[in-house]
file structure.txt (compact mmCIF, N, CA and C atoms)
# COMPACT_ATOMS: atom_id res chain seq x y z
N MET E 1 123.24 182.91 213.36
CA MET E 1 122.62 181.64 213.59
C MET E 1 121.37 181.87 214.42
N TYR E 2 120.31 181.14 214.12
CA TYR E 2 119.04 181.30 214.80
C TYR E 2 118.61 180.00 215.46
N THR E 3 117.78 180.12 216.48
CA THR E 3 117.16 178.98 217.14
C THR E 3 115.66 179.26 217.22
N ILE E 4 114.85 178.22 217.30
CA ILE E 4 113.40 178.41 217.32
C ILE E 4 112.98 179.09 218.61
N LYS E 5 112.24 180.18 218.45
CA LYS E 5 111.69 180.91 219.59
C LYS E 5 110.26 180.45 219.86
N TYR E 6 109.48 180.35 218.79
CA TYR E 6 108.07 179.99 218.91
C TYR E 6 107.61 179.33 217.62
N LYS E 7 106.89 178.22 217.76
CA LYS E 7 106.33 177.54 216.60
C LYS E 7 104.83 177.76 216.63
N GLY E 8 104.34 178.59 215.72
CA GLY E 8 102.93 178.93 215.67
C GLY E 8 102.15 178.03 214.74
N ILE E 9 100.91 178.42 214.48
CA ILE E 9 100.04 177.63 213.61
C ILE E 9 100.47 177.76 212.15
N LYS E 10 100.87 178.98 211.75
CA LYS E 10 101.23 179.21 210.35
C LYS E 10 102.70 179.51 210.13
N LYS E 11 103.39 180.02 211.15
CA LYS E 11 104.78 180.45 210.98
C LYS E 11 105.64 180.01 212.16
N ILE E 12 106.96 180.03 211.94
CA ILE E 12 107.93 179.77 212.99
C ILE E 12 108.70 181.05 213.23
N SER E 13 108.82 181.42 214.49
CA SER E 13 109.59 182.61 214.86
C SER E 13 110.94 182.14 215.40
N TRP E 14 112.00 182.73 214.88
CA TRP E 14 113.37 182.36 215.26
C TRP E 14 114.03 183.54 215.95
N ARG E 15 114.97 183.28 216.86
CA ARG E 15 115.76 184.35 217.48
C ARG E 15 117.23 184.00 217.38
N CYS E 16 118.05 185.03 217.47
CA CYS E 16 119.50 184.86 217.39
C CYS E 16 119.97 184.02 218.59
N VAL E 17 120.94 183.14 218.37
CA VAL E 17 121.46 182.32 219.47
C VAL E 17 122.22 183.16 220.48
N LYS E 18 122.61 184.36 220.10
CA LYS E 18 123.33 185.25 221.00
C LYS E 18 122.40 186.29 221.63
N SER E 19 121.10 186.00 221.64
CA SER E 19 120.14 186.97 222.17
C SER E 19 120.35 187.22 223.66
N ASN E 20 120.77 186.21 224.42
CA ASN E 20 121.00 186.41 225.85
C ASN E 20 122.39 186.96 226.14
N SER E 21 123.41 186.38 225.52
CA SER E 21 124.78 186.77 225.85
C SER E 21 125.14 188.16 225.32
N LEU E 22 124.75 188.49 224.08
CA LEU E 22 125.09 189.78 223.49
C LEU E 22 123.89 190.71 223.37
N LYS E 23 122.75 190.27 223.87
CA LYS E 23 121.51 191.05 223.76
C LYS E 23 121.19 191.39 222.30
N CYS E 24 121.44 190.43 221.43
CA CYS E 24 121.19 190.64 220.00
C CYS E 24 119.68 190.55 219.73
N PRO E 25 119.10 191.53 219.06
CA PRO E 25 117.66 191.53 218.81
C PRO E 25 117.25 190.79 217.53
N GLY E 26 118.16 190.03 216.91
CA GLY E 26 117.90 189.38 215.63
C GLY E 26 116.71 188.43 215.69
N ILE E 27 115.69 188.70 214.88
CA ILE E 27 114.49 187.87 214.81
C ILE E 27 114.19 187.58 213.35
N LEU E 28 113.80 186.34 213.08
CA LEU E 28 113.50 185.88 211.72
C LEU E 28 112.19 185.12 211.78
N GLN E 29 111.42 185.14 210.70
CA GLN E 29 110.20 184.33 210.61
C GLN E 29 110.26 183.51 209.35
N SER E 30 109.71 182.29 209.43
CA SER E 30 109.67 181.42 208.26
C SER E 30 108.36 180.64 208.27
N GLU E 31 108.09 179.97 207.17
CA GLU E 31 106.92 179.11 207.09
C GLU E 31 107.20 177.84 207.89
N LEU E 32 106.17 177.03 208.13
CA LEU E 32 106.33 175.80 208.91
C LEU E 32 107.26 174.80 208.25
N ASP E 33 107.39 174.87 206.91
CA ASP E 33 108.30 173.96 206.21
C ASP E 33 109.70 174.58 206.04
N TYR E 34 110.00 175.60 206.85
CA TYR E 34 111.30 176.29 206.89
C TYR E 34 111.61 177.05 205.61
N SER E 35 110.61 177.32 204.79
CA SER E 35 110.83 178.07 203.55
C SER E 35 110.47 179.53 203.77
N GLU E 36 110.85 180.35 202.81
CA GLU E 36 110.56 181.78 202.80
C GLU E 36 110.93 182.50 204.09
N PRO E 37 112.21 182.43 204.51
CA PRO E 37 112.59 183.19 205.71
C PRO E 37 112.69 184.68 205.41
N HIS E 38 112.24 185.48 206.35
CA HIS E 38 112.41 186.92 206.21
C HIS E 38 112.75 187.51 207.58
N VAL E 39 113.66 188.48 207.55
CA VAL E 39 114.19 189.07 208.78
C VAL E 39 113.24 190.15 209.28
N ASN E 40 112.82 190.02 210.54
CA ASN E 40 111.99 191.05 211.17
C ASN E 40 112.87 192.11 211.82
N THR E 41 113.90 191.68 212.56
CA THR E 41 114.84 192.58 213.21
C THR E 41 116.23 192.07 212.89
N SER E 42 117.12 192.94 212.45
CA SER E 42 118.46 192.50 212.04
C SER E 42 119.39 192.34 213.25
N HIS E 43 120.49 191.63 213.02
CA HIS E 43 121.51 191.38 214.05
C HIS E 43 122.25 192.66 214.43
N LEU E 44 122.90 192.59 215.58
CA LEU E 44 123.84 193.65 215.96
C LEU E 44 125.09 193.53 215.11
N ILE E 45 125.87 194.56 215.04
CA ILE E 45 127.13 194.52 214.28
C ILE E 45 128.10 193.53 214.92
N THR E 46 128.07 193.44 216.25
CA THR E 46 128.99 192.52 216.95
C THR E 46 128.59 191.07 216.79
N CYS E 47 127.38 190.83 216.37
CA CYS E 47 126.87 189.46 216.22
C CYS E 47 126.86 189.09 214.74
N THR E 48 128.02 188.99 214.15
CA THR E 48 128.10 188.71 212.72
C THR E 48 128.17 187.20 212.48
N LYS E 49 128.09 186.84 211.24
CA LYS E 49 128.11 185.43 210.84
C LYS E 49 129.46 184.81 211.18
N ASN E 50 129.43 183.75 211.98
CA ASN E 50 130.63 183.04 212.36
C ASN E 50 130.58 181.66 211.71
N THR E 51 131.26 181.50 210.59
CA THR E 51 131.19 180.25 209.84
C THR E 51 131.76 179.08 210.62
N GLY E 52 132.76 179.32 211.45
CA GLY E 52 133.33 178.24 212.25
C GLY E 52 132.31 177.66 213.22
N GLU E 53 131.59 178.51 213.92
CA GLU E 53 130.55 178.05 214.85
C GLU E 53 129.44 177.32 214.11
N ILE E 54 129.08 177.82 212.96
CA ILE E 54 128.02 177.20 212.16
C ILE E 54 128.45 175.80 211.72
N ASN E 55 129.71 175.66 211.28
CA ASN E 55 130.22 174.35 210.85
C ASN E 55 130.27 173.37 212.01
N VAL E 56 130.66 173.84 213.20
CA VAL E 56 130.70 172.96 214.38
C VAL E 56 129.29 172.48 214.72
N THR E 57 128.33 173.39 214.68
CA THR E 57 126.94 173.02 214.98
C THR E 57 126.42 172.02 213.97
N LYS E 58 126.71 172.23 212.69
CA LYS E 58 126.29 171.28 211.66
C LYS E 58 126.93 169.91 211.88
N CYS E 59 128.21 169.91 212.24
CA CYS E 59 128.95 168.67 212.46
C CYS E 59 128.35 167.89 213.65
N VAL E 60 128.10 168.59 214.76
CA VAL E 60 127.54 167.94 215.95
C VAL E 60 126.13 167.43 215.65
N ASN E 61 125.34 168.21 214.93
CA ASN E 61 123.98 167.77 214.58
C ASN E 61 124.01 166.54 213.67
N GLU E 62 124.99 166.49 212.77
CA GLU E 62 125.14 165.30 211.92
C GLU E 62 125.47 164.08 212.76
N MET E 63 126.36 164.25 213.75
CA MET E 63 126.70 163.14 214.64
C MET E 63 125.49 162.67 215.44
N LEU E 64 124.70 163.62 215.94
CA LEU E 64 123.51 163.27 216.71
C LEU E 64 122.50 162.51 215.86
N GLN E 65 122.35 162.92 214.60
CA GLN E 65 121.42 162.23 213.71
C GLN E 65 121.92 160.81 213.41
N LEU E 66 123.23 160.66 213.21
CA LEU E 66 123.79 159.32 212.98
C LEU E 66 123.62 158.44 214.21
N ALA E 67 123.78 159.01 215.41
CA ALA E 67 123.62 158.24 216.64
C ALA E 67 122.17 157.79 216.80
N LYS E 68 121.26 158.62 216.36
CA LYS E 68 119.84 158.29 216.48
C LYS E 68 119.45 157.18 215.52
N ASP E 69 120.01 157.20 214.30
CA ASP E 69 119.61 156.28 213.24
C ASP E 69 120.51 155.06 213.10
N ASN E 70 121.62 155.00 213.83
CA ASN E 70 122.66 154.02 213.58
C ASN E 70 122.90 153.14 214.79
N GLU E 71 123.49 151.98 214.56
CA GLU E 71 123.86 151.08 215.65
C GLU E 71 125.33 151.21 216.03
N LYS E 72 126.07 152.09 215.38
CA LYS E 72 127.49 152.26 215.67
C LYS E 72 127.68 152.89 217.05
N ASN E 73 128.84 152.60 217.65
CA ASN E 73 129.12 153.21 218.96
C ASN E 73 129.53 154.67 218.78
N PRO E 74 129.40 155.48 219.84
CA PRO E 74 129.68 156.92 219.73
C PRO E 74 131.09 157.25 219.27
N GLY E 75 132.09 156.46 219.68
CA GLY E 75 133.46 156.71 219.26
C GLY E 75 133.64 156.57 217.76
N LYS E 76 132.99 155.57 217.19
CA LYS E 76 133.10 155.34 215.75
C LYS E 76 132.39 156.46 214.97
N ILE E 77 131.23 156.87 215.46
CA ILE E 77 130.49 157.96 214.81
C ILE E 77 131.33 159.24 214.85
N PHE E 78 131.90 159.53 216.02
CA PHE E 78 132.71 160.73 216.17
C PHE E 78 133.89 160.71 215.21
N SER E 79 134.62 159.59 215.15
CA SER E 79 135.81 159.53 214.30
C SER E 79 135.47 159.62 212.81
N GLU E 80 134.34 159.03 212.40
CA GLU E 80 133.96 159.09 210.98
C GLU E 80 133.60 160.51 210.55
N VAL E 81 132.84 161.20 211.39
CA VAL E 81 132.41 162.55 211.02
C VAL E 81 133.57 163.53 211.12
N ILE E 82 134.39 163.40 212.14
CA ILE E 82 135.50 164.35 212.35
C ILE E 82 136.57 164.20 211.27
N ALA E 83 136.65 163.02 210.64
CA ALA E 83 137.63 162.80 209.57
C ALA E 83 137.31 163.64 208.33
N GLU E 84 136.03 163.99 208.15
CA GLU E 84 135.62 164.75 206.97
C GLU E 84 135.64 166.27 207.18
N VAL E 85 136.00 166.71 208.39
CA VAL E 85 135.90 168.13 208.74
C VAL E 85 137.24 168.81 208.53
N ASP E 86 137.19 170.10 208.15
CA ASP E 86 138.44 170.84 207.93
C ASP E 86 139.12 171.19 209.26
N ARG E 87 140.35 171.62 209.19
CA ARG E 87 141.19 171.86 210.36
C ARG E 87 140.63 172.96 211.28
N ASN E 88 140.09 174.03 210.70
CA ASN E 88 139.55 175.13 211.52
C ASN E 88 138.35 174.68 212.34
N THR E 89 137.50 173.87 211.74
CA THR E 89 136.32 173.37 212.46
C THR E 89 136.75 172.41 213.57
N LYS E 90 137.75 171.58 213.29
CA LYS E 90 138.26 170.66 214.32
C LYS E 90 138.77 171.42 215.54
N ALA E 91 139.40 172.56 215.31
CA ALA E 91 139.94 173.35 216.42
C ALA E 91 138.83 173.92 217.29
N LEU E 92 137.65 174.18 216.72
CA LEU E 92 136.55 174.75 217.47
C LEU E 92 135.61 173.71 218.09
N MET E 93 135.80 172.44 217.74
CA MET E 93 134.92 171.38 218.25
C MET E 93 135.04 171.24 219.76
N PRO E 94 133.95 170.87 220.44
CA PRO E 94 134.05 170.57 221.87
C PRO E 94 134.90 169.33 222.09
N ALA E 95 135.28 169.09 223.33
CA ALA E 95 136.14 167.94 223.65
C ALA E 95 135.48 166.64 223.21
N GLU E 96 136.31 165.69 222.79
CA GLU E 96 135.82 164.41 222.27
C GLU E 96 134.95 163.68 223.29
N GLU E 97 135.35 163.65 224.55
CA GLU E 97 134.59 162.93 225.58
C GLU E 97 133.21 163.54 225.78
N ILE E 98 133.11 164.86 225.68
CA ILE E 98 131.81 165.53 225.85
C ILE E 98 130.88 165.15 224.70
N VAL E 99 131.40 165.16 223.48
CA VAL E 99 130.58 164.82 222.32
C VAL E 99 130.16 163.35 222.38
N LYS E 100 131.08 162.46 222.76
CA LYS E 100 130.75 161.04 222.84
C LYS E 100 129.67 160.78 223.90
N ARG E 101 129.76 161.48 225.02
CA ARG E 101 128.76 161.34 226.07
C ARG E 101 127.39 161.80 225.56
N ARG E 102 127.39 162.88 224.82
CA ARG E 102 126.14 163.40 224.25
C ARG E 102 125.57 162.42 223.22
N LEU E 103 126.44 161.81 222.42
CA LEU E 103 125.98 160.82 221.45
C LEU E 103 125.42 159.59 222.15
N GLY E 104 126.04 159.17 223.24
CA GLY E 104 125.54 158.03 224.01
C GLY E 104 124.16 158.29 224.58
N ARG E 105 123.94 159.51 225.08
CA ARG E 105 122.62 159.87 225.59
C ARG E 105 121.59 159.87 224.46
N GLN E 106 122.00 160.32 223.29
CA GLN E 106 121.08 160.33 222.14
C GLN E 106 120.70 158.90 221.76
N LYS E 107 121.67 157.98 221.79
CA LYS E 107 121.40 156.59 221.46
C LYS E 107 120.47 155.96 222.49
N SER E 108 120.65 156.30 223.77
CA SER E 108 119.84 155.67 224.81
C SER E 108 118.38 156.11 224.76
N LYS E 109 118.09 157.22 224.07
CA LYS E 109 116.71 157.64 223.92
C LYS E 109 115.92 156.64 223.09
N ASN E 110 116.60 155.85 222.26
CA ASN E 110 115.94 154.87 221.41
C ASN E 110 115.61 153.58 222.16
N ASN E 111 116.20 153.38 223.34
CA ASN E 111 115.97 152.16 224.09
C ASN E 111 114.56 152.15 224.68
N PRO E 112 113.95 150.96 224.80
CA PRO E 112 112.64 150.90 225.43
C PRO E 112 112.72 151.27 226.91
N ILE E 113 111.60 151.74 227.47
CA ILE E 113 111.57 152.12 228.87
C ILE E 113 111.63 150.89 229.77
N ASN E 114 112.06 151.07 231.01
CA ASN E 114 112.08 149.98 231.99
C ASN E 114 110.72 149.93 232.68
N PRO E 115 109.94 148.87 232.46
CA PRO E 115 108.60 148.81 233.04
C PRO E 115 108.64 148.43 234.52
N ASP E 116 107.59 148.85 235.26
CA ASP E 116 107.44 148.48 236.66
C ASP E 116 106.78 147.12 236.82
N SER E 117 105.98 146.72 235.83
CA SER E 117 105.30 145.43 235.87
C SER E 117 105.22 144.86 234.46
N LEU E 118 104.81 143.61 234.36
CA LEU E 118 104.70 142.98 233.05
C LEU E 118 103.57 143.58 232.23
N ASN E 119 102.58 144.17 232.89
CA ASN E 119 101.48 144.81 232.16
C ASN E 119 101.96 146.04 231.40
N GLN E 120 103.01 146.69 231.88
CA GLN E 120 103.55 147.87 231.22
C GLN E 120 104.55 147.53 230.13
N LEU E 121 104.95 146.27 230.06
CA LEU E 121 105.98 145.86 229.11
C LEU E 121 105.42 145.81 227.70
N VAL E 122 105.85 146.72 226.86
CA VAL E 122 105.46 146.77 225.46
C VAL E 122 106.73 146.82 224.64
N ILE E 123 106.86 145.91 223.70
CA ILE E 123 108.04 145.86 222.85
C ILE E 123 107.62 146.24 221.44
N GLU E 124 108.25 147.29 220.91
CA GLU E 124 107.87 147.82 219.60
C GLU E 124 109.06 147.88 218.67
N ASN E 125 108.75 148.21 217.43
CA ASN E 125 109.74 148.48 216.39
C ASN E 125 110.72 147.33 216.22
N TYR E 126 111.99 147.63 216.12
CA TYR E 126 112.99 146.60 215.84
C TYR E 126 113.33 145.78 217.08
N TRP E 127 112.82 146.16 218.27
CA TRP E 127 113.07 145.37 219.47
C TRP E 127 112.19 144.13 219.49
N CYS E 128 111.14 144.12 218.74
CA CYS E 128 110.19 143.01 218.74
C CYS E 128 110.52 142.08 217.58
N GLU E 129 110.69 140.79 217.89
CA GLU E 129 110.98 139.82 216.84
C GLU E 129 109.72 139.41 216.09
N SER E 130 108.60 139.38 216.78
CA SER E 130 107.33 139.00 216.16
C SER E 130 106.42 140.21 216.13
N GLN E 131 105.91 140.54 214.98
CA GLN E 131 105.02 141.69 214.85
C GLN E 131 103.57 141.31 215.17
N ALA E 132 103.30 140.03 215.50
CA ALA E 132 101.93 139.59 215.78
C ALA E 132 101.39 140.22 217.06
N SER E 133 102.24 140.38 218.07
CA SER E 133 101.78 140.93 219.34
C SER E 133 102.79 141.94 219.85
N ASN E 134 102.30 143.06 220.36
CA ASN E 134 103.19 144.07 220.91
C ASN E 134 103.54 143.77 222.36
N ASN E 135 102.77 142.93 223.03
CA ASN E 135 103.05 142.59 224.42
C ASN E 135 103.81 141.28 224.50
N LEU E 136 104.75 141.24 225.38
CA LEU E 136 105.54 140.04 225.57
C LEU E 136 104.78 139.10 226.51
N ASP E 137 104.54 137.87 226.08
CA ASP E 137 103.80 136.91 226.90
C ASP E 137 104.75 136.25 227.89
N PHE E 138 104.26 136.02 229.08
CA PHE E 138 105.06 135.42 230.14
C PHE E 138 104.33 134.17 230.62
N ASP E 139 105.02 133.07 230.66
CA ASP E 139 104.42 131.81 231.08
C ASP E 139 104.69 131.64 232.58
N TYR E 140 103.63 131.74 233.39
CA TYR E 140 103.79 131.65 234.83
C TYR E 140 104.15 130.23 235.27
N GLN E 141 103.79 129.21 234.49
CA GLN E 141 104.11 127.84 234.86
C GLN E 141 105.61 127.60 234.79
N ASP E 142 106.27 128.22 233.83
CA ASP E 142 107.72 128.05 233.70
C ASP E 142 108.48 128.75 234.82
N ALA E 143 107.88 129.81 235.38
CA ALA E 143 108.55 130.59 236.42
C ALA E 143 108.55 129.87 237.76
N ALA E 144 107.59 128.98 237.98
CA ALA E 144 107.47 128.30 239.29
C ALA E 144 108.45 127.18 239.45
call {"tool": "encode", "arguments": {"input": "structure.txt", "output": "structure tokens"}}
result
Amino acid sequence: MYTIKYKGIKKISWRCVKSNSLKCPGILQSELDYSEPHVNTSHLITCTKNTGEINVTKCVNEMLQLAKDNEKNPGKIFSEVIAEVDRNTKALMPAEEIVKRRLGRQKSKNNPINPDSLNQLVIENYWCESQASNNLDFDYQDAA
């Protein structure tokens, strides 16, 4: 399994996820659209393909994407995705509470920021009911 090491102008350089723990020198390069991968330095023998870890990572990434795009609560997202996973992958999954907490943090990234003043208040995307103005108008006469 690889993670992005460097994103250049023309290519992406990837390194093995076990580069720190096992000192694996595995390096891969691909195009910016993730096509045409080619290995620059191969993995160590001890750092072989672990399908269980790969499946867990895919499962967690799927949950994170659903949390980002969906209005469902983290518990429901977790239960729906985990229902489709095989028994071996379920055994390797992190604890349910940890994954739910991570999903909740992912969902909160979509929330608008808390402004310090009304001048900073900008409501965008689906938070705004009217697309005519991005700023929320405040009537000072009603506040008095």
call {"tool": "atom_distance", "arguments": {"input": "structure.txt", "atom1": "atom N of Arg15 (chain E)", "atom2": "atom C of Ala91 (chain E)"}}
result
25.6 Å
call {"tool": "residues_around", "arguments": {"input": "structure.txt", "residues": "Pro74 (chain E)", "least_positions_apart": "5", "cutoff": "6 Å", "atoms": "all atoms listed in the file", "output": "count of residues only"}}
result
4
call {"tool": "atom_distance", "arguments": {"input": "structure.txt", "atom1": "CA of Ile9 (chain E)", "atom2": "CA of Gly26 (chain E)"}}
result
21.5 Å
call {"tool": "select_by_dssp", "arguments": {"input": "structure.txt", "residues": "region 50-103 of chain E", "states": "helix (DSSP H, G or I)", "output": "MDAnalysis selection string"}}
result
chainID E and resid 51:69 74:83 87:92 96:103
call {"tool": "residues_around", "arguments": {"input": "structure.txt", "residues": "region 49-62 of chain E", "least_positions_apart": "5", "cutoff": "7 Å", "atoms": "all atoms listed in the file", "output": "NGL selection string"}}
result
:E and (1 or 67 or 88-89 or 92-93)
call {"tool": "residues_around", "arguments": {"input": "structure.txt", "residues": "Ile27 (chain E)", "least_positions_apart": "5", "cutoff": "7 Å", "atoms": "only C-alpha atoms", "output": "list in words"}}
result
Trp14, Arg15, Cys16, Val39, Asn40, Thr41 and Ser42 of chain E
call {"tool": "atom_distance", "arguments": {"input": "structure.txt", "atom1": "atom C of Lys18 (chain E)", "atom2": "CA of Pro37 (chain E)"}}
result
19.0 Å
